[in-house]
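Novice: As input, take target-v6.tsv (TSV, C-alpha atoms and all ligand atoms):
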chain	number	residue	atom	x	y	z
A	1	MET	CA	77.00	104.75	183.85
A	2	LYS	CA	74.60	102.28	182.33
A	3	SER	CA	75.61	98.66	181.92
A	4	LEU	CA	74.57	95.91	179.50
A	5	PHE	CA	73.69	93.96	182.63
A	6	ASP	CA	71.27	96.46	184.16
A	7	GLU	CA	67.89	95.00	185.04
A	8	THR	CA	65.23	96.95	183.16
A	9	CYS	CA	61.65	96.78	181.95
A	10	ILE	CA	60.13	97.05	178.51
A	11	GLY	CA	56.54	97.75	179.48
A	12	THR	CA	55.58	94.85	181.72
A	13	ILE	CA	58.52	92.68	180.58
A	14	HIS	CA	61.31	92.39	183.11
A	15	LEU	CA	64.74	91.83	181.56
A	16	ARG	CA	67.79	90.63	183.50
A	17	ASN	CA	70.09	92.38	180.98
A	18	ARG	CA	69.93	94.41	177.77
A	19	LEU	CA	70.88	91.58	175.40
A	20	ILE	CA	68.12	90.14	173.22
A	21	ARG	CA	68.02	87.16	170.88
A	22	SER	CA	66.58	88.66	167.68
A	23	ALA	CA	64.11	86.62	165.67
A	24	THR	CA	65.96	83.78	163.95
A	25	TRP	CA	64.24	81.26	161.68
A	26	GLU	CA	65.54	77.95	163.00
A	27	ALA	CA	63.91	75.79	160.27
A	28	MET	CA	62.94	73.22	162.88
A	29	ALA	CA	59.13	73.43	163.11
A	30	ASP	CA	57.08	70.52	161.75
A	31	GLU	CA	55.20	70.63	158.42
A	32	SER	CA	52.22	72.42	159.92
A	33	GLY	CA	54.37	74.99	161.74
A	34	ARG	CA	54.16	73.41	165.18
A	35	LEU	CA	56.96	73.43	167.71
A	36	THR	CA	59.11	70.32	167.92
A	37	PRO	CA	61.02	68.99	170.95
A	38	ARG	CA	64.22	70.04	169.20
A	39	LEU	CA	62.99	73.63	168.92
A	40	ILE	CA	61.94	73.77	172.54
A	41	GLU	CA	65.45	72.62	173.41
A	42	VAL	CA	66.94	75.47	171.32
A	43	TYR	CA	64.93	78.00	173.32
A	44	ARG	CA	65.65	76.33	176.66
A	45	GLU	CA	69.37	76.51	175.93
A	46	LEU	CA	69.13	80.21	175.05
A	47	ALA	CA	67.22	80.97	178.24
A	48	ASP	CA	69.66	78.92	180.33
A	49	GLY	CA	72.48	80.89	178.71
A	50	GLY	CA	71.34	84.09	180.40
A	51	VAL	CA	69.84	86.12	177.53
A	52	GLY	CA	67.69	89.08	178.61
A	53	LEU	CA	64.79	88.47	176.21
A	54	ILE	CA	64.07	85.98	173.47
A	55	ILE	CA	62.16	86.91	170.33
A	56	THR	CA	60.87	83.81	168.55
A	57	SER	CA	61.51	83.20	164.88
A	58	ALA	CA	58.96	84.75	162.53
A	59	THR	CA	55.65	82.96	163.09
A	60	THR	CA	52.89	83.02	160.49
A	61	ILE	CA	49.49	84.25	161.62
A	62	THR	CA	47.05	82.24	159.50
A	63	SER	CA	46.84	78.72	158.08
A	64	ASP	CA	46.92	79.95	154.47
A	65	ALA	CA	49.97	82.19	155.03
A	66	THR	CA	53.03	81.23	153.02
A	67	ARG	CA	55.70	79.48	155.06
A	68	VAL	CA	59.26	78.51	154.30
A	69	PRO	CA	60.28	75.04	155.49
A	70	GLY	CA	60.43	74.61	159.23
A	71	MET	CA	58.81	77.97	159.93
A	72	LEU	CA	56.59	78.41	162.98
A	73	SER	CA	52.89	79.22	162.78
A	74	ILE	CA	50.10	80.14	165.19
A	75	PRO	CA	47.01	79.86	162.99
A	76	ASP	CA	44.47	78.58	165.51
A	77	ASP	CA	43.80	77.72	169.14
A	78	THR	CA	45.03	74.13	168.84
A	79	PHE	CA	48.56	75.55	168.73
A	80	VAL	CA	48.24	77.35	172.06
A	81	PRO	CA	49.04	74.49	174.50
A	82	VAL	CA	52.41	73.58	172.99
A	83	TYR	CA	53.44	77.25	172.83
A	84	ASN	CA	52.46	77.44	176.46
A	85	GLU	CA	54.90	74.60	177.14
A	86	LEU	CA	57.63	76.61	175.39
A	87	VAL	CA	56.82	79.74	177.39
A	88	GLN	CA	56.91	77.79	180.67
A	89	THR	CA	60.27	76.25	179.78
A	90	VAL	CA	61.80	79.62	178.95
A	91	HIS	CA	60.29	81.37	181.98
A	92	ASP	CA	61.55	78.60	184.27
A	93	ALA	CA	65.04	79.40	183.00
A	94	GLY	CA	64.62	83.10	183.82
A	95	ALA	CA	63.97	84.66	180.41
A	96	PRO	CA	60.91	86.42	179.01
A	97	ILE	CA	59.82	85.57	175.47
A	98	VAL	CA	58.05	87.56	172.76
A	99	MET	CA	56.51	86.05	169.64
A	100	GLN	CA	57.37	87.60	166.29
A	101	LEU	CA	54.36	87.64	163.95
A	102	VAL	CA	54.65	87.70	160.17
A	103	PHE	CA	52.56	87.52	157.03
A	104	PRO	CA	54.70	86.78	153.96
A	105	GLY	CA	51.88	86.11	151.48
A	106	ARG	CA	49.19	83.56	150.82
A	107	ASN	CA	49.08	79.95	149.60
A	108	GLY	CA	52.77	79.54	148.84
A	109	ALA	CA	53.23	82.89	147.09
A	110	PHE	CA	55.39	85.71	148.47
A	111	TRP	CA	53.21	88.76	148.10
A	112	THR	CA	54.16	92.25	147.08
A	113	PRO	CA	52.07	95.30	147.96
A	114	SER	CA	50.17	95.11	144.65
A	115	ASP	CA	48.84	91.59	145.37
A	116	PRO	CA	46.25	92.11	148.11
A	117	SER	CA	42.83	93.64	147.56
A	118	ARG	CA	41.54	96.07	150.18
A	119	GLU	CA	39.52	93.17	151.63
A	120	ASP	CA	42.71	91.09	151.84
A	121	ILE	CA	44.42	93.91	153.72
A	122	HIS	CA	41.56	94.12	156.20
A	123	SER	CA	41.62	90.36	156.73
A	124	ILE	CA	45.40	90.39	157.29
A	125	VAL	CA	45.02	93.19	159.86
A	126	LYS	CA	42.40	91.09	161.64
A	127	GLY	CA	44.64	88.02	161.31
A	128	PHE	CA	47.49	89.79	163.12
A	129	GLY	CA	45.10	90.77	165.92
A	130	GLU	CA	43.77	87.25	166.32
A	131	ALA	CA	47.25	85.69	166.27
A	132	ALA	CA	48.41	88.18	168.92
A	133	VAL	CA	45.54	87.13	171.17
A	134	ARG	CA	46.55	83.48	170.76
A	135	ALA	CA	50.15	84.37	171.63
A	136	GLN	CA	48.91	86.25	174.68
A	137	ARG	CA	46.80	83.26	175.71
A	138	ALA	CA	49.84	80.99	175.31
A	139	GLY	CA	51.64	83.16	177.87
A	140	PHE	CA	54.06	85.06	175.63
A	141	ASP	CA	55.26	88.26	177.29
A	142	GLY	CA	54.44	90.27	174.19
A	143	VAL	CA	54.39	90.17	170.40
A	144	GLU	CA	56.53	91.78	167.73
A	145	ILE	CA	55.30	92.77	164.27
A	146	HIS	CA	57.86	91.87	161.58
A	147	ALA	CA	58.00	94.87	159.25
A	148	ALA	CA	61.64	94.58	158.18
A	149	HIS	CA	63.98	93.05	155.60
A	150	GLY	CA	61.91	93.58	152.48
A	151	TYR	CA	59.19	91.11	153.34
A	152	PHE	CA	55.59	91.87	152.42
A	153	LEU	CA	54.77	94.36	155.20
A	154	SER	CA	58.15	96.05	154.94
A	155	GLN	CA	57.67	96.60	151.19
A	156	PHE	CA	54.69	98.87	151.88
A	157	LEU	CA	57.14	101.41	153.34
A	158	ASN	CA	59.23	101.44	150.15
A	159	ASP	CA	58.19	104.11	147.68
A	160	LYS	CA	59.52	102.13	144.70
A	161	ARG	CA	58.21	98.70	145.68
A	162	ASN	CA	54.79	99.90	146.83
A	163	THR	CA	53.01	100.87	143.61
A	164	ARG	CA	49.47	100.94	145.03
A	165	THR	CA	47.29	103.87	144.11
A	166	ASP	CA	44.76	103.49	146.94
A	167	GLU	CA	45.09	104.66	150.55
A	168	TYR	CA	47.86	102.08	151.19
A	169	GLY	CA	50.32	103.46	148.62
A	170	GLY	CA	51.75	106.70	147.31
A	171	THR	CA	52.30	109.28	150.04
A	172	VAL	CA	54.37	108.43	153.07
A	173	GLU	CA	51.20	108.64	155.20
A	174	ASN	CA	49.58	106.01	153.00
A	175	ARG	CA	52.63	103.72	152.98
A	176	VAL	CA	52.68	103.43	156.77
A	177	ARG	CA	48.91	102.91	157.07
A	178	PHE	CA	48.92	99.09	156.89
A	179	LEU	CA	51.51	98.75	159.67
A	180	LEU	CA	49.72	101.27	161.89
A	181	GLU	CA	46.39	99.52	161.38
A	182	ILE	CA	47.95	96.21	162.41
A	183	ALA	CA	49.45	97.77	165.55
A	184	CYS	CA	46.07	99.34	166.45
A	185	GLU	CA	44.25	96.07	165.89
A	186	ILE	CA	46.67	94.17	168.13
A	187	ARG	CA	46.40	96.84	170.83
A	188	ALA	CA	42.61	96.83	170.68
A	189	ARG	CA	42.45	93.04	171.03
A	190	THR	CA	45.22	92.38	173.56
A	191	GLY	CA	44.69	95.48	175.73
A	192	ALA	CA	46.90	98.54	176.05
A	193	ASN	CA	49.22	96.99	178.65
A	194	TYR	CA	50.23	93.99	176.59
A	195	PRO	CA	53.74	94.65	175.26
A	196	LEU	CA	53.85	95.29	171.52
A	197	LEU	CA	57.14	95.61	169.65
A	198	VAL	CA	57.90	96.28	166.01
A	199	LYS	CA	60.92	95.33	163.91
A	200	ILE	CA	61.27	97.89	161.16
A	201	ASN	CA	63.76	98.79	158.46
A	202	CYS	CA	65.44	102.17	158.71
A	203	SER	CA	66.22	101.86	155.01
A	204	ASP	CA	66.19	99.22	152.30
A	205	PHE	CA	69.36	100.86	150.96
A	206	GLU	CA	67.87	101.08	147.49
A	207	GLU	CA	67.99	104.34	145.58
A	208	GLU	CA	65.35	106.82	146.75
A	209	ASP	CA	63.34	104.08	148.44
A	210	GLY	CA	61.73	106.53	150.87
A	211	VAL	CA	61.95	103.98	153.67
A	212	TRP	CA	63.71	106.23	156.18
A	213	ASP	CA	60.93	108.81	155.87
A	214	ALA	CA	58.30	106.12	156.31
A	215	CYS	CA	60.20	104.55	159.20
A	216	GLN	CA	60.37	107.85	161.10
A	217	LEU	CA	56.72	108.65	160.51
A	218	ALA	CA	55.59	105.13	161.46
A	219	CYS	CA	57.73	105.12	164.61
A	220	ARG	CA	56.46	108.55	165.73
A	221	GLN	CA	52.88	107.40	165.30
A	222	LEU	CA	53.52	104.00	166.91
A	223	ALA	CA	55.09	105.83	169.86
A	224	GLU	CA	51.99	107.98	170.22
A	225	ASP	CA	49.89	104.83	170.14
A	226	GLY	CA	51.97	103.28	172.92
A	227	ILE	CA	54.41	100.88	171.22
A	228	SER	CA	56.67	99.28	173.84
A	229	ALA	CA	59.94	99.08	171.89
A	230	ILE	CA	61.20	99.52	168.33
A	231	GLU	CA	63.80	97.14	166.87
A	232	VAL	CA	65.70	98.98	164.15
A	233	SER	CA	67.07	96.89	161.28
A	234	GLY	CA	67.81	97.52	157.62
A	235	GLY	CA	68.45	96.04	154.18
A	236	ILE	CA	66.67	93.35	152.25
A	237	SER	CA	66.91	89.66	152.99
A	238	GLN	CA	68.72	87.70	150.25
A	239	MET	CA	70.85	90.74	149.48
A	240	PRO	CA	74.36	91.35	150.80
A	241	PHE	CA	74.58	92.27	154.47
A	242	PRO	CA	75.55	94.88	155.52
A	243	PRO	CA	73.55	96.44	152.71
A	244	HIS	CA	75.16	97.90	149.63
A	245	GLY	CA	76.58	101.34	150.40
A	246	MET	CA	76.99	100.70	154.12
A	247	PRO	CA	80.47	100.29	155.54
A	248	TYR	CA	81.29	96.97	157.17
A	249	GLU	CA	81.17	98.15	160.71
A	250	GLU	CA	79.83	96.70	163.90
A	251	SER	CA	76.38	97.72	165.12
A	252	VAL	CA	75.83	98.95	161.59
A	253	PHE	CA	72.44	100.68	161.96
A	254	ARG	CA	73.52	102.56	165.12
A	255	ASP	CA	72.88	106.08	163.82
A	256	TYR	CA	69.36	105.22	162.69
A	257	ALA	CA	68.48	103.51	165.97
A	258	ALA	CA	69.84	106.49	167.92
A	259	GLU	CA	67.67	108.85	165.88
A	260	ILE	CA	64.54	106.70	166.33
A	261	SER	CA	65.15	106.62	170.06
A	262	ARG	CA	65.63	110.42	170.07
A	263	ILE	CA	62.51	111.29	168.07
A	264	THR	CA	60.16	108.80	169.76
A	265	GLY	CA	61.42	108.47	173.32
A	266	VAL	CA	60.59	104.76	173.01
A	267	PRO	CA	63.23	102.14	173.89
A	268	ALA	CA	65.20	101.31	170.74
A	269	ILE	CA	66.61	97.87	170.11
A	270	LEU	CA	69.55	97.91	167.72
A	271	VAL	CA	70.08	94.80	165.58
A	272	GLY	CA	72.77	93.92	163.04
A	273	LEU	CA	76.43	93.12	163.64
A	274	ASN	CA	76.40	93.72	167.37
A	275	ARG	CA	79.58	91.89	168.32
A	276	THR	CA	81.62	93.71	170.98
A	277	PRO	CA	80.47	94.51	174.53
A	278	SER	CA	82.52	97.71	174.82
A	279	VAL	CA	81.00	99.06	171.57
A	280	LEU	CA	77.49	98.27	172.84
A	281	THR	CA	78.19	99.82	176.22
A	282	GLY	CA	79.40	102.96	174.45
A	283	LEU	CA	76.20	103.17	172.37
A	284	LEU	CA	74.10	102.55	175.47
A	285	ASN	CA	75.70	105.49	177.23
A	286	THR	CA	76.15	107.95	174.38
A	287	ALA	CA	73.51	107.17	171.73
A	288	GLY	CA	70.46	106.48	173.85
A	289	ILE	CA	70.08	102.95	172.49
A	290	GLY	CA	68.72	100.84	175.33
A	291	TYR	CA	68.87	97.30	173.96
A	292	PHE	CA	70.92	95.18	171.58
A	293	SER	CA	69.60	92.17	169.73
A	294	LEU	CA	71.71	89.54	168.06
A	295	SER	CA	70.94	86.60	165.81
A	296	ARG	CA	73.94	84.73	164.41
A	297	PRO	CA	76.15	85.14	167.52
A	298	PHE	CA	73.54	83.27	169.57
A	299	LEU	CA	73.63	80.40	167.08
A	300	ARG	CA	77.32	80.00	167.79
A	301	GLN	CA	77.18	80.87	171.49
A	302	PRO	CA	73.70	80.36	172.98
A	303	ASP	CA	75.23	81.31	176.34
A	304	LEU	CA	76.69	84.56	174.98
A	305	ALA	CA	74.94	86.82	177.50
A	306	GLY	CA	76.27	84.84	180.44
A	307	TYR	CA	79.67	84.63	178.75
A	308	TRP	CA	79.84	88.42	178.30
A	309	ARG	CA	78.90	88.96	181.91
A	310	ASN	CA	82.12	87.15	182.84
A	311	ASN	CA	84.20	88.12	179.81
A	312	PRO	CA	83.35	91.72	178.90
A	313	ASP	CA	86.54	92.08	176.87
A	314	ARG	CA	85.77	89.30	174.41
A	315	PRO	CA	83.92	89.95	171.15
A	316	ALA	CA	81.40	87.38	169.97
A	317	GLU	CA	82.98	84.44	168.18
A	318	CYS	CA	80.50	84.67	165.28
A	319	LEU	CA	82.27	85.22	161.95
A	320	SER	CA	79.10	86.60	160.29
A	321	CYS	CA	79.81	84.10	157.51
A	322	ASP	CA	76.15	83.06	157.09
A	323	ALA	CA	77.03	79.36	157.04
A	324	CYS	CA	74.12	79.05	159.52
A	325	ARG	CA	71.72	79.73	156.64
A	326	LYS	CA	73.12	76.88	154.54
A	327	GLN	CA	72.95	73.84	156.78
A	328	PRO	CA	71.00	70.76	155.60
A	329	ASP	CA	69.13	70.15	158.85
A	330	GLY	CA	68.11	73.37	160.57
A	331	ASN	CA	69.80	76.76	160.81
A	332	VAL	CA	72.66	75.94	163.13
A	333	CYS	CA	76.24	77.19	163.35
A	334	PRO	CA	78.63	74.53	161.99
A	335	PHE	CA	81.48	76.05	163.99
A	336	ARG	CA	79.75	75.74	167.30
A	337	GLU	CA	81.79	73.86	169.88
A	401	LIG	C1	69.33	82.02	160.02
A	401	LIG	C2	68.68	83.36	160.19
A	401	LIG	C3	67.30	83.45	160.32
A	401	LIG	C4	66.68	84.69	160.52
A	401	LIG	N1	65.32	84.74	160.72
A	401	LIG	C5	64.73	85.94	161.00
A	401	LIG	C6	63.34	86.00	161.35
A	401	LIG	O1	62.65	85.00	161.43
A	401	LIG	N2	62.81	87.24	161.58
A	401	LIG	C7	63.57	88.39	161.54
A	401	LIG	O2	63.04	89.47	161.79
A	401	LIG	N3	64.89	88.34	161.25
A	401	LIG	C8	65.47	87.16	160.99
A	401	LIG	N4	66.82	87.10	160.76
A	401	LIG	C9	67.61	88.36	160.83
A	401	LIG	C10	68.19	88.56	162.22
A	401	LIG	O3	67.21	88.67	163.23
A	401	LIG	C11	69.08	89.81	162.27
A	401	LIG	O4	68.27	90.96	161.99
A	401	LIG	C12	70.25	89.76	161.29
A	401	LIG	O5	70.79	88.45	161.20
A	401	LIG	C13	71.39	90.70	161.71
A	401	LIG	O6	71.80	90.41	163.04
A	401	LIG	P1	73.17	89.58	163.36
A	401	LIG	O7	74.30	90.35	162.70
A	401	LIG	O8	73.25	89.59	164.85
A	401	LIG	O9	73.02	88.21	162.79
A	401	LIG	C14	67.46	85.87	160.56
A	401	LIG	C15	68.86	85.78	160.42
A	401	LIG	C16	69.47	84.54	160.26
A	401	LIG	C17	70.97	84.48	160.16
What would you get if you wrote out this structure as structure tokens?
Ligand SMILES: Cc1cc2nc3c(=O)[nH]c(=O)nc-3n(C[C@H](O)[C@H](O)[C@H](O)COP(=O)(O)O)c2cc1C
Specialist:
Amino acid sequence: MKSLFDETCIGTIHLRNRLIRSATWEAMADESGRLTPRLIEVYRELADGGVGLIITSATTITSDATRVPGMLSIPDDTFVPVYNELVQTVHDAGAPIVMQLVFPGRNGAFWTPSDPSREDIHSIVKGFGEAAVRAQRAGFDGVEIHAAHGYFLSQFLNDKRNTRTDEYGGTVENRVRFLLEIACEIRARTGANYPLLVKINCSDFEEEDGVWDACQLACRQLAEDGISAIEVSGGISQMPFPPHGMPYEESVFRDYAAEISRITGVPAILVGLNRTPSVLTGLLNTAGIGYFSLSRPFLRQPDLAGYWRNNPDRPAECLSCDACRKQPDGNVCPFRE
């Protein structure tokens, strides 16, 4: 029987357990998107707490990319040394770390698929590749493309939100093209052995959004191209979670993640309302889901992985109340002891 505390590998990344901190915008970077001592401390605490793998908060790839306050960025080589310091700190505490890369739009605007010209799309693809190389140079164990939650890239998958009439819109093959080009570009620049992950929506849970079709096609193709792991999420940020039409149940996207794992053979990471070790162990052994990532529970209990190792009968203390998104000074849990 498999255990949450098995030691495993995702590509070249060695994990001490199957629990992952999913990307979580901490709102603690400085105005230019650089790490701060406070942020490094957040990551050190997570690594000390025994987590298997840390995925950074969404990090913008270029200097003109739109950022929300306190968001990280890796727009040029001057950022590499301080990220290297972060990587060293986390590695010293026994955890690997992957950087999540994002492009929300340009110059303060949040883009939709109809905003970029073809040239813009090509420059964004290149931008992802260049940012991945910087992350690699900083020592990150891999990078993750953020294609979930209704942000710019994720909207391309959505048949209703992507109204383009060129080769990036319309058919399902066209809607996945942008994401696949980004993955290829990163692979070409970082080398085939450098771990590449993707976080993708199984569905936006909007009527006839076509996202599940696009998700399956993209994941099949990404698997063929050698993606290292696929983190399966769903819904649109700023909308109720779990999404409209989904029951309130733990590990809410479990069936989708199981299907992605089945059709691709690539390790699936399930995210969203993972709260109870016995539920996760059940999914690990019956649904073929190899990894479980959590966001809000790690804000309340940064040492959750270590805690579960000793207390497998205790669910996470997180109430899923989202108070962590509403704090005046960084996204922290106000109920944390
Ligand atoms: C404060 C906060 C910030 C988040 N920032 C990101 C992010 O930067 N990138 C991302 O892919 N998801 C982000 N998420 C979503 C989480 O990674 C996760 O998919 C979602 O919260 C569901 O998991 P949970 O039930 O364990 O919290 C964020 C969530 C929260 C609560």
Novice: Any idea what's packed within 6 Å of Thr59 (chain A), counting only C-alpha atoms, ignoring anything in its chain fewer than 6 positions away? Could you give it as a PyMOL selection string?
Specialist: chain A and resi 72-73+100-102
Novice: Using only C-alpha atoms, pick whichever of A:Glu185, A:Glu208, A:Glu317, A:Asp64 has the shortest atom-to-atom distance to Cys333 (chain A).
Specialist: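 Among the listed residues, A:Glu317 lies closest to Cys333 (chain A).
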Novice: Can you tell me which residues come within 6 Å of ligand LIG 401 (chain A) when counting all atoms listed in the file, ideally as a list in words?
Specialist: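 Checking all atoms listed in the file against ligand LIG 401 (chain A) at 6 Å gives Ser22, Ala23, Thr24, Trp25, Ser57, Ala58, His146, Val271, Gly272, Leu273, Asn274, Leu294, Ser295, Arg296, Pro297, Cys324, Arg325 and Asn331 of chain A.
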Novice: Using all atoms listed in the file, which of the listed residues (A:Ile182, A:Ala109, A:Ala135, A:Ile74) sits closest to Ile121 (chain A)?
Specialist: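 Closest residue, counting all atoms listed in the file: A:Ile182.
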Novice: Using only C-alpha atoms, which of the listed residues (A:Gly105, A:Gly169, A:Pro334, A:Gly49) sits closest to Asp322 (chain A)?
Specialist: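 Closest to Asp322 (chain A) of all the choices is A:Pro334.
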Novice: Could you please determine the separation between CA of Asp255 (chain A) and CA of Ser154 (chain A) in Å, to one decimal place?
Specialist: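 CA of Asp255 (chain A) sits 19.9 Å away from CA of Ser154 (chain A).
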Novice: Can you measure CA of Glu144 (chain A) to CA of Ala131 (chain A) for me? One decimal in Å is fine.
Specialist: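 Interatomic distance here is 11.2 Å.
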Novice: Determine, counting only C-alpha atoms, which protein, DNA and RNA residues have an atom within 8 Å of an atom of Leu19 (chain A); residues of the same chain fewer than 4 positions away are not included. Present the result as number ranges by chain.
Specialist: A: 4, 51-53, 291-294, 305
Novice: At most 10 Å is the cut-off: for each residue in region 89-187 of chain A with any atom that close to an atom of region 213-224 of chain A, write down the nearest atom pair and the distance in Å rounded to one decimal, counting all atoms listed in the file, chain first then increasing number, as JSON lines.
Specialist:
{"residue": "A:Ala147", "atom": "CA", "partner": "A:Cys215", "partner_atom": "CA", "distance": 9.9}
{"residue": "A:Ser154", "atom": "CA", "partner": "A:Cys215", "partner_atom": "CA", "distance": 9.7}
{"residue": "A:Phe156", "atom": "CA", "partner": "A:Ala214", "partner_atom": "CA", "distance": 9.2}
{"residue": "A:Leu157", "atom": "CA", "partner": "A:Ala214", "partner_atom": "CA", "distance": 5.7}
{"residue": "A:Asn158", "atom": "CA", "partner": "A:Ala214", "partner_atom": "CA", "distance": 7.8}
{"residue": "A:Asp159", "atom": "CA", "partner": "A:Ala214", "partner_atom": "CA", "distance": 8.9}
{"residue": "A:Thr171", "atom": "CA", "partner": "A:Ala214", "partner_atom": "CA", "distance": 9.2}
{"residue": "A:Val172", "atom": "CA", "partner": "A:Ala214", "partner_atom": "CA", "distance": 5.6}
{"residue": "A:Glu173", "atom": "CA", "partner": "A:Ala214", "partner_atom": "CA", "distance": 7.6}
{"residue": "A:Asn174", "atom": "CA", "partner": "A:Ala214", "partner_atom": "CA", "distance": 9.3}
{"residue": "A:Arg175", "atom": "CA", "partner": "A:Ala214", "partner_atom": "CA", "distance": 7.0}
{"residue": "A:Val176", "atom": "CA", "partner": "A:Ala218", "partner_atom": "CA", "distance": 5.8}
{"residue": "A:Arg177", "atom": "CA", "partner": "A:Ala218", "partner_atom": "CA", "distance": 8.3}
{"residue": "A:Leu179", "atom": "CA", "partner": "A:Ala218", "partner_atom": "CA", "distance": 7.8}
{"residue": "A:Leu180", "atom": "CA", "partner": "A:Leu222", "partner_atom": "CA", "distance": 6.9}
{"residue": "A:Ala183", "atom": "CA", "partner": "A:Leu222", "partner_atom": "CA", "distance": 7.6}
{"residue": "A:Cys184", "atom": "CA", "partner": "A:Leu222", "partner_atom": "CA", "distance": 8.8}
Novice: Out of A:Val332, A:Cys321, A:Ala229, A:Ala132, which residue has the shortest atom-to-atom distance to Leu299 (chain A) when counting all atoms listed in the file?
Specialist: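 Residue with the minimum atom-to-atom distance to Leu299 (chain A): A:Val332.
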Novice: Work out how far CA of Glu85 (chain A) is from CA of Arg44 (chain A), in Å to one decimal.
Specialist: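 So the answer is 10.9 Å.
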Novice: Nearest to Pro104 (chain A): which of A:Met1, A:Ala148, A:Val87, A:Leu153 is it, counting all atoms listed in the file?
Specialist: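 Checking each of A:Met1, A:Ala148, A:Val87, A:Leu153 against Pro104 (chain A), counting all atoms listed in the file, the winner is A:Leu153.
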Novice: Which one of A:Asp92, A:Glu206, A:Glu119, A:Glu249 sits closest to Ile236 (chain A) if you count all atoms listed in the file?
Specialist: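 Using all atoms listed in the file, the shortest distance to Ile236 (chain A) belongs to A:Glu206.
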Novice: Please provide the set of residues having any atom within 12 Å of Phe241 (chain A), restricted to all atoms listed in the file, with same-chain residues fewer than 6 positions apart removed, written as a list in words.
Specialist: His149, Asp204, Phe205, Ser233, Gly234, Gly235, Pro247, Tyr248, Glu249, Glu250, Val252, Phe253, Gly272, Leu273, Ser320, Cys321 and Asp322 of chain A
Novice: List the neighbours of Ile10 (chain A) out to 12 Å using only C-alpha atoms; skip same-chain residues closer than 4 positions along the sequence, and give me the result as number ranges by chain.
Specialist: A: 14-18, 20, 52-53, 96-98, 141-142, 193-197, 226-230, 266-269, 290-291
Novice: Take the residues just selected and output them with C-alpha atoms as a compact mmCIF listing (two decimals), in the coordinates of the input.
Specialist:
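Here's the written file out-v5.txt:
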# COMPACT_ATOMS: atom_id res chain seq x y z
CA HIS A 14 61.31 92.39 183.11
CA LEU A 15 64.74 91.83 181.56
CA ARG A 16 67.79 90.63 183.50
CA ASN A 17 70.09 92.38 180.98
CA ARG A 18 69.93 94.41 177.77
CA ILE A 20 68.12 90.14 173.22
CA GLY A 52 67.69 89.08 178.61
CA LEU A 53 64.79 88.47 176.21
CA PRO A 96 60.91 86.42 179.01
CA ILE A 97 59.82 85.57 175.47
CA VAL A 98 58.05 87.56 172.76
CA ASP A 141 55.26 88.26 177.29
CA GLY A 142 54.44 90.27 174.19
CA ASN A 193 49.22 96.99 178.65
CA TYR A 194 50.23 93.99 176.59
CA PRO A 195 53.74 94.65 175.26
CA LEU A 196 53.85 95.29 171.52
CA LEU A 197 57.14 95.61 169.65
CA GLY A 226 51.97 103.28 172.92
CA ILE A 227 54.41 100.88 171.22
CA SER A 228 56.67 99.28 173.84
CA ALA A 229 59.94 99.08 171.89
CA ILE A 230 61.20 99.52 168.33
CA VAL A 266 60.59 104.76 173.01
CA PRO A 267 63.23 102.14 173.89
CA ALA A 268 65.20 101.31 170.74
CA ILE A 269 66.61 97.87 170.11
CA GLY A 290 68.72 100.84 175.33
CA TYR A 291 68.87 97.30 173.96
Novice: Might you pull out every residue within 6 Å of Met99 (chain A), with only C-alpha atoms counted and same-chain residues fewer than 6 positions away left off, and present them as an NGL selection string?
Specialist: :A and (55-56 or 143)
